[in-house]
$ cat entry.cif   # mmCIF, C-alpha atoms
data_upload
loop_
_atom_site.label_atom_id
_atom_site.label_comp_id
_atom_site.auth_asym_id
_atom_site.auth_seq_id
_atom_site.Cartn_x
_atom_site.Cartn_y
_atom_site.Cartn_z
CA MET C 10 -11.01 -71.81 -63.70
CA LYS C 11 -12.53 -68.46 -64.65
CA SER C 12 -12.65 -67.06 -68.19
CA VAL C 13 -10.81 -63.84 -68.98
CA GLN C 14 -14.10 -61.94 -68.88
CA GLU C 15 -14.94 -63.44 -65.50
CA LEU C 16 -11.50 -62.48 -64.20
CA LYS C 17 -12.06 -58.90 -65.35
CA LYS C 18 -15.37 -58.83 -63.46
CA THR C 19 -13.66 -60.25 -60.39
CA ALA C 20 -10.97 -57.54 -60.52
CA ASN C 21 -13.72 -54.95 -60.66
CA GLN C 22 -15.44 -56.56 -57.66
CA LEU C 23 -12.18 -56.47 -55.73
CA ARG C 24 -11.95 -52.74 -56.44
CA ILE C 25 -15.47 -52.25 -55.09
CA ASP C 26 -14.55 -54.26 -51.99
CA VAL C 27 -11.43 -52.12 -51.46
CA VAL C 28 -13.36 -48.85 -51.69
CA GLU C 29 -16.11 -50.05 -49.34
CA MET C 30 -13.80 -51.54 -46.73
CA LEU C 31 -11.54 -48.49 -46.62
CA ALA C 32 -14.52 -46.16 -46.29
CA GLU C 33 -15.82 -48.30 -43.42
CA ALA C 34 -12.40 -48.32 -41.75
CA GLY C 35 -11.86 -44.60 -42.26
CA SER C 36 -8.19 -45.20 -43.11
CA GLY C 37 -6.01 -47.18 -45.47
CA HIS C 38 -4.35 -47.09 -48.87
CA PRO C 39 -6.62 -47.13 -51.95
CA GLY C 40 -4.22 -46.06 -54.72
CA GLY C 41 -1.91 -49.08 -54.85
CA SER C 42 -4.68 -51.51 -53.97
CA LEU C 43 -6.72 -50.40 -56.99
CA SER C 44 -3.76 -50.34 -59.37
CA SER C 45 -2.86 -53.98 -58.64
CA ALA C 46 -6.35 -55.52 -58.85
CA GLU C 47 -5.72 -57.38 -62.13
CA ILE C 48 -2.42 -58.80 -60.85
CA VAL C 49 -3.91 -60.06 -57.58
CA THR C 50 -7.03 -61.39 -59.32
CA ALA C 51 -4.97 -63.34 -61.85
CA LEU C 52 -2.86 -64.88 -59.08
CA TYR C 53 -5.68 -65.93 -56.75
CA PHE C 54 -8.22 -67.02 -59.37
CA ASP C 55 -6.06 -68.46 -62.17
CA VAL C 56 -2.31 -68.69 -61.69
CA MET C 57 -1.54 -69.91 -58.17
CA LYS C 58 -2.09 -73.35 -56.74
CA HIS C 59 -3.72 -72.85 -53.34
CA LYS C 60 -6.46 -74.25 -51.13
CA PRO C 61 -8.46 -71.68 -49.16
CA GLU C 62 -9.83 -74.47 -46.97
CA ASN C 63 -6.25 -75.53 -46.16
CA PRO C 64 -4.03 -72.41 -46.20
CA ASN C 65 -0.93 -74.33 -45.11
CA TRP C 66 -1.22 -77.00 -47.82
CA GLU C 67 2.33 -78.08 -48.65
CA GLY C 68 1.71 -78.03 -52.40
CA ARG C 69 0.63 -74.39 -52.47
CA ASP C 70 2.25 -71.54 -54.32
CA TYR C 71 3.28 -68.64 -52.09
CA PHE C 72 2.20 -65.01 -52.40
CA ILE C 73 4.14 -62.26 -50.64
CA MET C 74 2.58 -58.77 -50.55
CA SER C 75 5.84 -56.88 -50.16
CA LYS C 76 4.12 -53.49 -50.46
CA GLY C 77 2.09 -54.32 -47.38
CA HIS C 78 -0.03 -51.16 -47.43
CA SER C 79 -1.85 -52.57 -50.48
CA VAL C 80 -3.11 -55.59 -48.54
CA PRO C 81 -6.80 -54.55 -48.83
CA VAL C 82 -6.89 -55.93 -52.37
CA GLN C 83 -5.32 -59.17 -51.13
CA TYR C 84 -7.92 -59.44 -48.38
CA ALA C 85 -10.66 -58.94 -50.96
CA ALA C 86 -9.20 -61.70 -53.15
CA MET C 87 -8.85 -64.02 -50.18
CA ALA C 88 -12.44 -63.44 -49.09
CA ARG C 89 -13.83 -63.87 -52.60
CA SER C 90 -11.85 -67.11 -53.05
CA GLY C 91 -13.05 -68.59 -49.76
CA TYR C 92 -10.43 -68.01 -47.06
CA PHE C 93 -12.93 -66.21 -44.82
CA PRO C 94 -16.45 -64.72 -45.09
CA VAL C 95 -16.81 -61.69 -47.35
CA GLU C 96 -18.61 -59.89 -44.52
CA GLU C 97 -15.38 -59.90 -42.52
CA LEU C 98 -13.87 -57.41 -44.97
CA MET C 99 -15.78 -54.67 -43.19
CA THR C 100 -13.70 -55.27 -40.04
CA LEU C 101 -10.55 -53.92 -41.71
CA ARG C 102 -8.32 -52.02 -39.27
CA LYS C 103 -10.81 -52.37 -36.42
CA LEU C 104 -9.86 -53.44 -32.90
CA ASN C 105 -9.28 -57.21 -32.67
CA SER C 106 -9.84 -57.71 -36.41
CA ARG C 107 -7.82 -60.35 -38.24
CA LEU C 108 -7.53 -57.86 -41.09
CA GLN C 109 -4.80 -55.51 -39.97
CA GLY C 110 -3.79 -52.44 -41.98
CA HIS C 111 -0.68 -54.32 -43.08
CA PRO C 112 -0.41 -58.11 -43.50
CA SER C 113 -0.01 -60.00 -40.23
CA ARG C 114 0.95 -63.64 -40.44
CA ALA C 115 0.05 -64.07 -36.78
CA ASN C 116 -3.51 -62.92 -37.35
CA LEU C 117 -4.77 -64.46 -40.58
CA PRO C 118 -4.17 -67.93 -42.08
CA GLY C 119 -3.12 -67.55 -45.71
CA ILE C 120 -0.82 -64.58 -45.07
CA GLU C 121 2.67 -65.97 -45.61
CA THR C 122 4.66 -63.21 -43.93
CA SER C 123 4.08 -59.92 -42.13
CA THR C 124 5.07 -56.94 -44.26
CA GLY C 125 4.82 -53.19 -44.22
CA SER C 126 8.45 -52.15 -43.83
CA LEU C 127 9.13 -51.65 -47.51
CA GLY C 128 11.87 -53.62 -49.22
CA GLN C 129 11.72 -56.72 -47.05
CA GLY C 130 9.22 -58.86 -48.96
CA LEU C 131 11.56 -59.83 -51.77
CA SER C 132 14.17 -61.05 -49.28
CA VAL C 133 11.56 -63.29 -47.64
CA ALA C 134 10.48 -64.55 -51.06
CA VAL C 135 14.09 -65.37 -51.95
CA GLY C 136 14.49 -67.32 -48.70
CA ILE C 137 11.32 -69.34 -49.33
CA SER C 138 12.33 -69.94 -52.95
CA LEU C 139 15.78 -71.17 -51.98
CA GLY C 140 14.39 -73.44 -49.27
CA LEU C 141 11.93 -75.03 -51.69
CA LYS C 142 14.69 -75.50 -54.26
CA LEU C 143 16.88 -77.24 -51.70
CA ASP C 144 13.97 -79.52 -50.83
CA LYS C 145 13.44 -80.19 -54.57
CA LYS C 146 9.84 -78.99 -54.41
CA GLN C 147 7.91 -77.52 -57.33
CA ASN C 148 6.03 -74.72 -55.53
CA ARG C 149 6.28 -71.24 -57.04
CA ILE C 150 6.65 -67.95 -55.18
CA TYR C 151 5.10 -64.66 -56.26
CA CYS C 152 6.17 -61.36 -54.69
CA LEU C 153 4.30 -58.12 -55.42
CA MET C 154 6.34 -54.95 -54.95
CA GLY C 155 5.71 -51.28 -55.49
CA ASP C 156 7.77 -49.13 -57.83
CA GLY C 157 8.46 -46.68 -55.00
CA GLU C 158 9.70 -49.69 -53.06
CA GLN C 159 12.51 -50.08 -55.57
CA ASP C 160 14.18 -47.18 -53.72
CA GLU C 161 15.11 -49.62 -50.96
CA GLY C 162 18.61 -51.08 -51.05
CA GLN C 163 17.41 -54.38 -49.65
CA ILE C 164 15.46 -54.99 -52.86
CA TRP C 165 18.69 -55.06 -54.81
CA GLU C 166 20.51 -57.30 -52.34
CA ALA C 167 17.63 -59.77 -52.70
CA ALA C 168 17.64 -59.38 -56.48
CA MET C 169 21.34 -60.20 -56.60
CA ALA C 170 20.86 -63.29 -54.41
CA ALA C 171 17.89 -64.54 -56.46
CA ALA C 172 19.93 -64.51 -59.65
CA HIS C 173 22.99 -66.00 -57.96
CA PHE C 174 20.98 -68.99 -56.74
CA LYS C 175 19.14 -69.32 -60.09
CA LEU C 176 15.73 -69.16 -58.45
CA ASP C 177 13.51 -69.84 -61.45
CA ASN C 178 10.66 -70.69 -59.06
CA LEU C 179 10.50 -67.01 -58.08
CA CYS C 180 8.41 -64.38 -59.88
CA GLY C 181 8.60 -60.78 -58.72
CA ILE C 182 6.00 -58.27 -59.88
CA VAL C 183 6.51 -54.52 -59.76
CA ASP C 184 3.27 -52.55 -59.64
CA ALA C 185 4.71 -49.67 -61.63
CA ASN C 186 2.03 -47.03 -61.20
CA GLY C 187 4.53 -44.17 -61.22
CA LEU C 188 3.50 -42.69 -57.87
CA GLN C 189 4.41 -43.07 -54.22
CA ILE C 190 3.35 -41.26 -51.07
CA ASP C 191 5.40 -38.12 -51.78
CA GLY C 192 4.67 -37.80 -55.49
CA PHE C 193 5.89 -39.20 -58.79
CA THR C 194 8.59 -41.85 -58.44
CA LYS C 195 10.69 -40.10 -61.08
CA ASP C 196 10.82 -37.01 -58.86
CA VAL C 197 11.26 -38.71 -55.47
CA MET C 198 13.95 -41.14 -56.63
CA ASN C 199 14.21 -41.97 -60.30
CA ILE C 200 14.37 -45.77 -60.64
CA GLU C 201 14.67 -45.91 -64.42
CA PRO C 202 15.85 -47.74 -66.42
CA LEU C 203 14.20 -50.37 -64.19
CA ALA C 204 14.03 -53.15 -66.78
CA LYS C 205 17.73 -52.75 -67.61
CA LYS C 206 18.61 -52.79 -63.91
CA TYR C 207 16.87 -56.13 -63.32
CA ASP C 208 18.32 -57.51 -66.56
CA SER C 209 21.83 -56.52 -65.43
CA PHE C 210 21.20 -58.29 -62.13
CA GLY C 211 20.51 -61.50 -64.05
CA TRP C 212 16.71 -61.61 -64.09
CA ASN C 213 14.33 -62.60 -66.85
CA VAL C 214 12.42 -59.34 -67.44
CA LEU C 215 8.90 -58.94 -68.81
CA GLU C 216 7.18 -55.57 -69.29
CA ILE C 217 3.41 -55.37 -69.61
CA LYS C 218 0.35 -53.19 -69.20
CA GLY C 219 -0.58 -54.31 -65.71
CA ASN C 220 -4.25 -53.35 -65.92
CA ASN C 221 -4.73 -55.48 -69.05
CA MET C 222 -5.87 -58.91 -67.87
CA GLU C 223 -4.78 -60.69 -71.05
CA GLU C 224 -1.25 -59.31 -70.78
CA VAL C 225 -1.08 -60.17 -67.08
CA LEU C 226 -2.09 -63.80 -67.70
CA THR C 227 0.34 -64.17 -70.60
CA ALA C 228 3.21 -62.79 -68.52
CA PHE C 229 2.57 -65.25 -65.70
CA GLU C 230 2.59 -68.13 -68.20
CA LYS C 231 5.88 -66.92 -69.68
CA ALA C 232 7.37 -66.64 -66.19
CA LYS C 233 6.74 -70.34 -65.61
CA THR C 234 8.90 -71.25 -68.61
CA ALA C 235 12.02 -69.34 -67.49
CA LYS C 236 14.92 -71.62 -66.55
CA GLU C 237 17.77 -70.87 -64.11
CA LYS C 238 16.67 -67.24 -63.74
CA PRO C 239 14.12 -65.49 -61.54
CA THR C 240 11.51 -63.50 -63.45
CA VAL C 241 10.33 -59.98 -62.79
CA ILE C 242 7.17 -58.64 -64.39
CA ILE C 243 7.24 -54.85 -64.59
CA ALA C 244 3.52 -54.11 -64.73
CA HIS C 245 2.75 -50.55 -65.83
CA THR C 246 -0.47 -49.61 -64.07
CA ILE C 247 -2.58 -46.62 -63.09
CA LYS C 248 -2.64 -45.61 -59.44
CA GLY C 249 -6.26 -45.55 -58.24
CA LYS C 250 -7.36 -47.44 -61.35
CA GLY C 251 -11.12 -47.55 -61.91
CA VAL C 252 -12.08 -44.50 -59.84
CA SER C 253 -11.71 -41.39 -61.99
CA PHE C 254 -11.11 -38.93 -59.15
CA MET C 255 -8.40 -41.16 -57.66
CA GLU C 256 -6.49 -42.04 -60.82
CA ASN C 257 -2.89 -40.76 -61.02
CA LYS C 258 -3.26 -38.75 -57.82
CA ALA C 259 -0.52 -39.16 -55.19
CA GLY C 260 -2.94 -37.85 -52.58
CA TRP C 261 -4.90 -41.09 -52.79
CA HIS C 262 -1.89 -43.19 -51.83
CA GLY C 263 -2.91 -43.32 -48.19
CA ARG C 264 -6.25 -41.52 -47.76
CA ALA C 265 -9.46 -43.49 -47.38
CA PRO C 266 -12.57 -42.22 -49.17
CA THR C 267 -15.38 -40.78 -47.12
CA LYS C 268 -18.70 -42.63 -47.15
CA GLU C 269 -20.01 -40.18 -49.75
CA GLU C 270 -16.89 -40.47 -51.92
CA ALA C 271 -17.16 -44.25 -51.66
CA LYS C 272 -20.74 -44.17 -52.97
CA ILE C 273 -19.60 -42.18 -56.00
CA ALA C 274 -16.63 -44.50 -56.57
CA VAL C 275 -18.69 -47.69 -56.29
CA ALA C 276 -21.33 -46.32 -58.66
CA GLU C 277 -18.60 -45.60 -61.20
CA LEU C 278 -17.07 -49.05 -60.80
CA GLU C 279 -20.44 -50.75 -61.12
CA LYS C 280 -21.22 -48.74 -64.25
CA ASN C 281 -17.90 -49.51 -65.92
CA GLY C 282 -17.52 -53.07 -64.67
#
$ encode --input "entry.cif" --output "structure tokens"
Amino acid sequence: MKSVQELKKTANQLRIDVVEMLAEAGSGHPGGSLSSAEIVTALYFDVMKHKPENPNWEGRDYFIMSKGHSVPVQYAAMARSGYFPVEELMTLRKLNSRLQGHPSRANLPGIETSTGSLGQGLSVAVGISLGLKLDKKQNRIYCLMGDGEQDEGQIWEAAMAAAHFKLDNLCGIVDANGLQIDGFTKDVMNIEPLAKKYDSFGWNVLEIKGNNMEEVLTAFEKAKTAKEKPTVIIAHTIKGKGVSFMENKAGWHGRAPTKEEAKIAVAELEKNG
């Protein structure tokens, strides 16, 4: 198990991987991948039970990347934890690559479900959680959503079902970076008060600074202690975190950096990491 300092360095490495792979691909979504680096790092390198050498291990915890466009950071975590060679990251979005622009269960072992149509991931997570409960298994399910994704009605149908079935093996995480493809979430479709909404739906609600590794780890530990309620961690993050010219800019939701921009970004990450 890595120390907190080692986890912080790993999150920084994942950010470097994201920038480099998107620049190589010439397309992709950096903003939400960078904002969720601490969350994904904590899950893959500390919180979740999983075996990269045996992706379908029955005792594993499940991770669902509901905001599928942010899968580059998941690929980076998977490569760095041993699911496939790190060099394969540079095949992102290329013809015949296993690393599609959105998660494809058919292509890559370790991807639990194909996502990309926003709002669907939480429903899948609820189904898995319920199935495991019925089988009296102890696996946990983690579902990472975007805050813009909270606009989708299906999220709230799934949230209602999760509370109804008392799915305390389910932990949802909202990467609340305040931006989506068309601008600030508060302007596109105001989702606040988000914490009160989930609370009213019967969830255990935790609010944290999602780019603070210590707070992320503490929240995941608290989530494990919740009984007869699903937990949602509302993680307040910075879109494009770690690259100054990308931070809090909606324009970097779905634009890959050029090779020259990537060099500048990686230099900044290496300096600050």
$ residues_around --input "entry.cif" --residues "Lys236 in chain C" --least-positions-apart "3" --cutoff "12 Å" --atoms "all atoms listed in the file" --output "PyMOL selection string"
chain C and resi 172+174-180+211-213+231-233+239-240
$ residues_around --input "entry.cif" --residues "Leu108 in chain C" --least-positions-apart "3" --cutoff "12 Å" --atoms "all atoms listed in the file" --output "PyMOL selection string"
chain C and resi 30-31+34+37+78+80-85+87-88+93-105+111-120+123
$ closest_residue --input "entry.cif" --among "C:Ala274, C:Val241, C:Gln163, C:Phe210" --to "Phe254 in chain C" --atoms "all atoms listed in the file"
C:Ala274
$ closest_residue --input "entry.cif" --among "C:Lys258, C:Lys145, C:His38, C:Lys272" --to "Asn186 in chain C" --atoms "all atoms listed in the file"
C:Lys258
$ atom_distance --input "entry.cif" --atom1 "CA of Glu33 in chain C" --atom2 "CA of Trp261 in chain C"
16.1 Å
$ residues_around --input "entry.cif" --residues "Asn148 in chain C" --least-positions-apart "4" --cutoff "9 Å" --atoms "all atoms listed in the file" --output "PyMOL selection string"
chain C and resi 58+67-71+138+141-142+178
$ atom_distance --input "entry.cif" --atom1 "CA of Ala46 in chain C" --atom2 "CA of Ala167 in chain C"
25.1 Å
$ resolve_selection --input "entry.cif" --expression "the PyMOL selection byres ((chain C and resi 158) around 12)" --output "count of residues only"
39
$ atom_distance --input "entry.cif" --atom1 "CA of Val13 in chain C" --atom2 "CA of Thr246 in chain C"
18.3 Å
$ decode --input "entry.cif" --residues "range 209-240 of chain C" --atoms "C-alpha atoms" --output "PDB file, in the first residue's frame"
ATOM      1  CA  SER C 209     -33.509  13.856   0.588  1.00  0.00           C
ATOM      2  CA  PHE C 210     -33.227  10.780  -1.636  1.00  0.00           C
ATOM      3  CA  GLY C 211     -31.945   8.807   1.355  1.00  0.00           C
ATOM      4  CA  TRP C 212     -28.191   8.792   0.764  1.00  0.00           C
ATOM      5  CA  ASN C 213     -25.331   9.211   3.199  1.00  0.00           C
ATOM      6  CA  VAL C 214     -23.681  12.412   1.919  1.00  0.00           C
ATOM      7  CA  LEU C 215     -20.042  13.451   2.318  1.00  0.00           C
ATOM      8  CA  GLU C 216     -18.612  16.692   0.924  1.00  0.00           C
ATOM      9  CA  ILE C 217     -14.868  17.084   0.443  1.00  0.00           C
ATOM     10  CA  LYS C 218     -12.129  18.893  -1.436  1.00  0.00           C
ATOM     11  CA  GLY C 219     -11.636  16.317  -4.161  1.00  0.00           C
ATOM     12  CA  ASN C 220      -8.088  17.329  -5.062  1.00  0.00           C
ATOM     13  CA  ASN C 221      -6.938  16.865  -1.460  1.00  0.00           C
ATOM     14  CA  MET C 222      -5.662  13.293  -1.165  1.00  0.00           C
ATOM     15  CA  GLU C 223      -6.079  13.140   2.608  1.00  0.00           C
ATOM     16  CA  GLU C 224      -9.729  14.192   2.391  1.00  0.00           C
ATOM     17  CA  VAL C 225     -10.375  11.735  -0.440  1.00  0.00           C
ATOM     18  CA  LEU C 226      -8.941   8.804   1.534  1.00  0.00           C
ATOM     19  CA  THR C 227     -10.847   9.758   4.683  1.00  0.00           C
ATOM     20  CA  ALA C 228     -14.125   9.990   2.756  1.00  0.00           C
ATOM     21  CA  PHE C 229     -13.689   6.523   1.267  1.00  0.00           C
ATOM     22  CA  GLU C 230     -13.045   5.099   4.741  1.00  0.00           C
ATOM     23  CA  LYS C 231     -16.178   6.795   6.094  1.00  0.00           C
ATOM     24  CA  ALA C 232     -18.204   5.431   3.177  1.00  0.00           C
ATOM     25  CA  LYS C 233     -17.312   1.884   4.197  1.00  0.00           C
ATOM     26  CA  THR C 234     -18.894   2.402   7.629  1.00  0.00           C
ATOM     27  CA  ALA C 235     -22.314   3.536   6.346  1.00  0.00           C
ATOM     28  CA  LYS C 236     -25.094   1.035   7.059  1.00  0.00           C
ATOM     29  CA  GLU C 237     -28.335   0.541   5.096  1.00  0.00           C
ATOM     30  CA  LYS C 238     -27.666   3.626   2.957  1.00  0.00           C
ATOM     31  CA  PRO C 239     -25.658   4.220  -0.204  1.00  0.00           C
ATOM     32  CA  THR C 240     -22.991   6.903   0.112  1.00  0.00           C
TER      33      THR C 240
END
